[in-house]
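Q: My questions will all concern the structure given below.
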Amino acid sequence: MKFSPNLGDGLLSECLEQALIDNGADTDTWSVDLAARTAYGDGAQARALQMRVLGSFPDPVRKLAVRAPLAIQGRRSWMPHYLQSLDGAQCAIIGGGNLIADLDLNFPTKLSLALTAAAWCKLPVFIYGCGVSSHWSRQGRSLLRNAVRRGNIRRVWVRDERSRRIWNDLIGRDTALEADTVRDPGLLASQRYDIRPNPFARSEPVIGLNLTSPLAVRYHAGNAPGEAALTQWYIALARSLLDRGYRLSVFSNGSPEDREFTRSLHLPLMRLDKLGHISFPVVDTPAELTRLIASCAGIVAFRMHAIIAAFSCGVPFLALSWDPKLESFVHSVNRADWLCAPVLTSSTEAGDQLARAIAQGIAPGERAKVADQTRQGVALLMDEISRAIG
């Protein structure tokens with residue numbers, strides 16, 4: 001999903017591409033967007049409305065409602081795009097993101113088509129650094145099983161222990177493709193975008209408030225806070241941070257629903273801003289997103305790859321709990337005390353928690369160790385690719 005409007009997907013794709021090249025892959029190594037996008041900012045204008053409508057349906061109705069559109073998109077757009085984009089490749093990697101998930105049959109359909117296309121092109125396939133979610137529908141499970149049983153997947157690595165257990169229960173043990181774990185490629189963001197330490201992060205402390213639409217939180221999470229409650233909590237947190245003397249940089253990862261929500265908070269947040277201490281930057285590429293995060297003294301975010309980029313750049317964070325994948329990452333870098341339950345945690349307490357995180361910081365040696373583990377995973381992938389293609 002390299003060109004997803006959520007720039008976190010592009011961030012991990014660009015990091016994985018560069019890491020593969022650094023480990024011996026051809027310099028023309030390229031990514032194939034599963035939604036057939038070809039540039040950042042393509043499409044998705046109706047995404048927020050689609051999510052709102054689908055989110056209002058009970059699960060059985062949602063799954064019925066999406067079947068025909070998915071089938072049409074698969075035939076008209078996705079499969080032709082995959083076949084054309086794989087021309088000239090020697091192998092295919094399904095890499096990064098929470099792709100092994102059954103949300104309205106979206107990814108099961110795309111993965112099934114992508115694996116079919118790779119099989120038609122006689123390409124070995126590797127699954128690398130993906131997240132895996134539970135709660136699969138019968139049809140989603142069937143699509144995945146049929147695709148995996150084509151036999152062209154050589155090895156599977158997922159990005160956390162929870163994903164490994166789910167993959168193995170879902171399909172790994174039945175197909176002799178049990179998964180191993182690797183670090184998320186996005187942890188190489190500071191190297192990929194040549195980030196240098198920011199000397200002003202502490203002397204002129206700016207907190208990045210990375211907003212996610214309550215609509216997106218509710219669509220993806222079962223126990224999400226209500227829209228009004230989360231909106232008011234964001235505003236109260238902003239007030240608390242301003243009262244502490246911080247400046248605020250308020251932005252999103254780029255998804256249309258997140259951008260729309262961020263715009264809706266401009267006016268109420270500006271009412272708090274008597275000294276011109278709030279800015280609203282807009283980012284359009286993964287590099288811009290990473291550099292903005294790196295310029296902050298700390299960030300507050302729901303989006304996992306905003307948090308991953310922050311860790312990579314040595315920026316302390318307050319990770320807003322909403323999804324097990326985010327919690328898994330935070331635990332994997334020994335920062336469980338940097339997790340925060342929004343709404344349930346008062347804005348004052350959340351501000352205190354962020355201040356403690358900033359005081360603790362992320363040691364350069366700690367970041368270097370995690371980056372080295374990430375590179376080792378990609379090196380292992382390249383070794384397997386070399387064996388597969390001879």
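As shown in the structure tokens, the chain order sets the letters A, B, ...; within each chain, residues go from 1, and ligands are also counted from 1 in the order they appear.
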Tell me, which residues of segment 152-298 of chain A carry DSSP strand (DSSP E or B), written as a list in words?

A: Ile153, Arg154, Arg155, Val156, Trp157, Val158, Asp180, Thr181, Val206, Ile207, Gly208, Leu209, Asn210, Arg247, Leu248, Ser249, Val250, Phe251, Ile278, Ser279 and Gly298 of chain A

Q: Can you list, as a PyMOL selection string, all residues belonging to segment 177-384 of chain A that DSSP tags as alpha helix (DSSP H)?

A: chain A and resi 189-192+200-203+214-220+227-243+256-264+266-272+286-294+304-312+324-332+347-360+364-384

Q: List every residue of segment 66-104 of chain A that has an atom at most 12 Å from any atom of segment 27-39 of chain A, giving for each one its closest atom pair and the distance in Å to one decimal, counting only C-alpha atoms, sorted by chain and then by ascending residue number, as a Markdown table.

A:
```
| residue | atom | partner | partner_atom | distance |
| --- | --- | --- | --- | --- |
| A:Leu70 | CA | A:Ala35 | CA | 10.8 |
| A:Gln73 | CA | A:Ala35 | CA | 9.0 |
| A:Gly74 | CA | A:Ala35 | CA | 9.3 |
| A:Arg75 | CA | A:Ala36 | CA | 11.9 |
| A:Arg76 | CA | A:Ala36 | CA | 10.5 |
| A:Ser77 | CA | A:Ala36 | CA | 6.8 |
| A:Trp78 | CA | A:Ala36 | CA | 5.7 |
| A:Met79 | CA | A:Ala36 | CA | 8.8 |
| A:Pro80 | CA | A:Ala36 | CA | 9.0 |
| A:His81 | CA | A:Ala36 | CA | 5.9 |
| A:Tyr82 | CA | A:Val32 | CA | 7.0 |
| A:Leu83 | CA | A:Val32 | CA | 10.0 |
| A:Gln84 | CA | A:Val32 | CA | 9.7 |
| A:Ser85 | CA | A:Val32 | CA | 6.3 |
| A:Leu86 | CA | A:Val32 | CA | 7.8 |
| A:Asp87 | CA | A:Val32 | CA | 11.0 |
| A:Gly88 | CA | A:Thr29 | CA | 10.5 |
| A:Ala89 | CA | A:Thr29 | CA | 8.5 |
| A:Gln90 | CA | A:Thr29 | CA | 10.2 |
| A:Cys91 | CA | A:Thr29 | CA | 10.3 |
| A:Ala92 | CA | A:Ser31 | CA | 9.3 |
| A:Ile93 | CA | A:Ser31 | CA | 8.9 |
| A:Ile94 | CA | A:Val32 | CA | 9.4 |
| A:Gly95 | CA | A:Ser31 | CA | 9.4 |
| A:Gly96 | CA | A:Ser31 | CA | 11.5 |
| A:Gly97 | CA | A:Leu34 | CA | 11.5 |
| A:Leu99 | CA | A:Leu34 | CA | 9.9 |
```

Q: Which residues, written as a ChimeraX atom specification, have at least one atom at most 9 Å from segment 342-344 of chain A, with only C-alpha atoms counted and residues fewer than 2 positions away on the same chain left out?

A: /A:225,229-230,232-234,320-322,340,346-347,350

Q: Take the selection from the previous step and output its residues with C-alpha atoms, as a PDB file, in the first residue's frame.

A:
```pdb
ATOM      1  CA  PRO A 225     -14.280   6.389  22.453  1.00  0.00           C
ATOM      2  CA  ALA A 229     -15.696  12.618  23.766  1.00  0.00           C
ATOM      3  CA  LEU A 230     -12.492  12.119  21.755  1.00  0.00           C
ATOM      4  CA  GLN A 232     -13.169  17.251  23.493  1.00  0.00           C
ATOM      5  CA  TRP A 233     -10.270  15.243  24.883  1.00  0.00           C
ATOM      6  CA  TYR A 234      -7.984  16.400  22.081  1.00  0.00           C
ATOM      7  CA  LEU A 320      -2.785   6.512  22.277  1.00  0.00           C
ATOM      8  CA  SER A 321      -4.094   2.976  22.776  1.00  0.00           C
ATOM      9  CA  TRP A 322      -6.652   1.857  20.217  1.00  0.00           C
ATOM     10  CA  CYS A 340      -2.142   6.252  27.202  1.00  0.00           C
ATOM     11  CA  SER A 346      -7.457  13.014  31.916  1.00  0.00           C
ATOM     12  CA  SER A 347      -5.770  15.618  29.749  1.00  0.00           C
ATOM     13  CA  ALA A 350      -1.734  12.692  29.769  1.00  0.00           C
TER      14      ALA A 350
END
```

Q: Given only C-alpha atoms as the basis, pick out the residue of A:Cys130, A:Val333, A:Ala189, A:Ala119 nearest to Leu289 of chain A.

A: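 Result for the nearest residue to Leu289 of chain A: A:Ala189.
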
Q: Give me, as a PyMOL selection string, all polymer residues having an atom no more than 7 Å from segment 109-113 of chain A, counting only C-alpha atoms and skipping those fewer than 2 positions away in the same chain.

A: chain A and resi 34+79+105-107+115-117+143-144+147

Q: Could you write out that same residue set with C-alpha atoms as a PDB file, in the first residue's frame?

A:
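See out15.pdb below for the written result:
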```pdb
ATOM      1  CA  LEU A  34      -2.216  -3.027  -3.678  1.00  0.00           C
ATOM      2  CA  MET A  79      -5.365  -7.624 -11.169  1.00  0.00           C
ATOM      3  CA  LEU A 105     -12.816  -8.482   2.903  1.00  0.00           C
ATOM      4  CA  ASN A 106     -10.587  -5.704   1.554  1.00  0.00           C
ATOM      5  CA  PHE A 107      -7.150  -7.179   2.180  1.00  0.00           C
ATOM      6  CA  LEU A 115      -0.646 -13.944  -4.889  1.00  0.00           C
ATOM      7  CA  THR A 116      -2.477 -15.243  -7.962  1.00  0.00           C
ATOM      8  CA  ALA A 117      -0.723 -12.686 -10.160  1.00  0.00           C
ATOM      9  CA  LEU A 143      -9.659 -16.469   0.190  1.00  0.00           C
ATOM     10  CA  LEU A 144      -6.410 -16.428   2.143  1.00  0.00           C
ATOM     11  CA  ALA A 147      -4.141 -18.123  -2.191  1.00  0.00           C
TER      12      ALA A 147
END
```

Q: I need the residue nearest Phe280 of chain A from this list: A:Leu339, A:Ile299, A:Ser142, A:Gly208. Use only C-alpha atoms for the distance.

A: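 Of the candidates, the smallest distance to Phe280 of chain A is held by A:Gly208.
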
Q: What does the structure give for the distance between atom CA of Asp383 of chain A and atom CA of Gly365 of chain A, in Å to one decimal?

A: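 Atom CA of Gly365 of chain A lies 26.8 Å from atom CA of Asp383 of chain A.
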
Q: Can you pull out every residue within 8 Å of Ala101 of chain A, counting only C-alpha atoms, but drop anything in the same chain fewer than 3 positions away, and send it as a ChimeraX atom specification?

A: /A:98,107-108,131-134,136

Q: Go ahead and write the residues just picked, C-alpha atoms, as a PDB file, in the first residue's frame.

A:
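To be explicit, this is the file written out as result_28.pdb:
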```
ATOM      1  CA  ASN A  98      -1.359  -4.618   8.844  1.00  0.00           C
ATOM      2  CA  PHE A 107      -7.150  -7.179   2.180  1.00  0.00           C
ATOM      3  CA  PRO A 108      -8.152 -10.833   1.717  1.00  0.00           C
ATOM      4  CA  GLY A 131       0.897  -7.328  11.010  1.00  0.00           C
ATOM      5  CA  VAL A 132      -1.783 -10.009  11.392  1.00  0.00           C
ATOM      6  CA  SER A 133      -5.220  -9.418  12.895  1.00  0.00           C
ATOM      7  CA  SER A 134      -7.724 -11.864  14.334  1.00  0.00           C
ATOM      8  CA  TRP A 136     -11.548 -13.405  10.192  1.00  0.00           C
TER       9      TRP A 136
END
```

Q: Applying 7 Å and only C-alpha atoms, which residues near segment 304-309 of chain A remain after dropping the ones on its own chain fewer than 5 positions away? List them as a ChimeraX atom specification.

A: /A:8,186-187,189,290,317,319,326

Q: Please produce an output containing C-alpha atoms for each residue in the selection, written as an mmCIF file, in the first residue's frame.

A:
```
data_model
loop_
_atom_site.group_PDB
_atom_site.id
_atom_site.type_symbol
_atom_site.label_atom_id
_atom_site.label_comp_id
_atom_site.auth_asym_id
_atom_site.auth_seq_id
_atom_site.Cartn_x
_atom_site.Cartn_y
_atom_site.Cartn_z
ATOM 1 C CA GLY A 8 2.761 5.617 7.307
ATOM 2 C CA GLY A 186 9.749 1.784 9.372
ATOM 3 C CA LEU A 187 12.255 1.724 12.228
ATOM 4 C CA ALA A 189 13.100 5.996 8.919
ATOM 5 C CA THR A 290 9.249 11.964 9.190
ATOM 6 C CA PHE A 317 5.948 9.899 22.410
ATOM 7 C CA ALA A 319 1.011 6.410 22.151
ATOM 8 C CA LEU A 326 0.276 -0.276 18.497
#
```

Q: Rounded to one decimal place, report the atom CA of Val217 of chain A-atom CA of His266 of chain A distance in Å.

A: 19.7 Å

Q: Find the residue from A:Asn6, A:Ser295, A:Ser137, A:Asn210 that sits nearest to Phe251 of chain A; use only C-alpha atoms when measuring.

A: A:Asn210

Q: Which is closer to Phe311 of chain A than all the others in A:Thr345, A:Ser190, A:Asn223, A:Gln373, using only C-alpha atoms?

A: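 For Phe311 of chain A, the nearest of the given residues is A:Ser190.
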
Q: As a list of chain:residue names, please: the residues near Arg159 of chain A (cut-off 7 Å, only C-alpha atoms, same-chain neighbours under 2 positions excluded).

A: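 Contacts, in chain order: A:Gly129, A:Cys130, A:Gly131, A:Trp157, A:Ser163, A:Thr181, A:Val182, A:Arg183, A:Asp184.
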
Q: Please compute the atom CA of Cys121 of chain A-atom CA of Glu384 of chain A distance, one decimal, in Å.

A: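 For atom CA of Cys121 of chain A relative to atom CA of Glu384 of chain A, the distance reads 19.0 Å.
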
Q: Check the smallest atom-to-atom distance from each of A:Pro286, A:Pro205, A:Gly24, A:Pro214 to Gly298 of chain A using only C-alpha atoms, then report the winner.

A: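 Looking at the shortest contact to Gly298 of chain A, the residue is A:Pro205.
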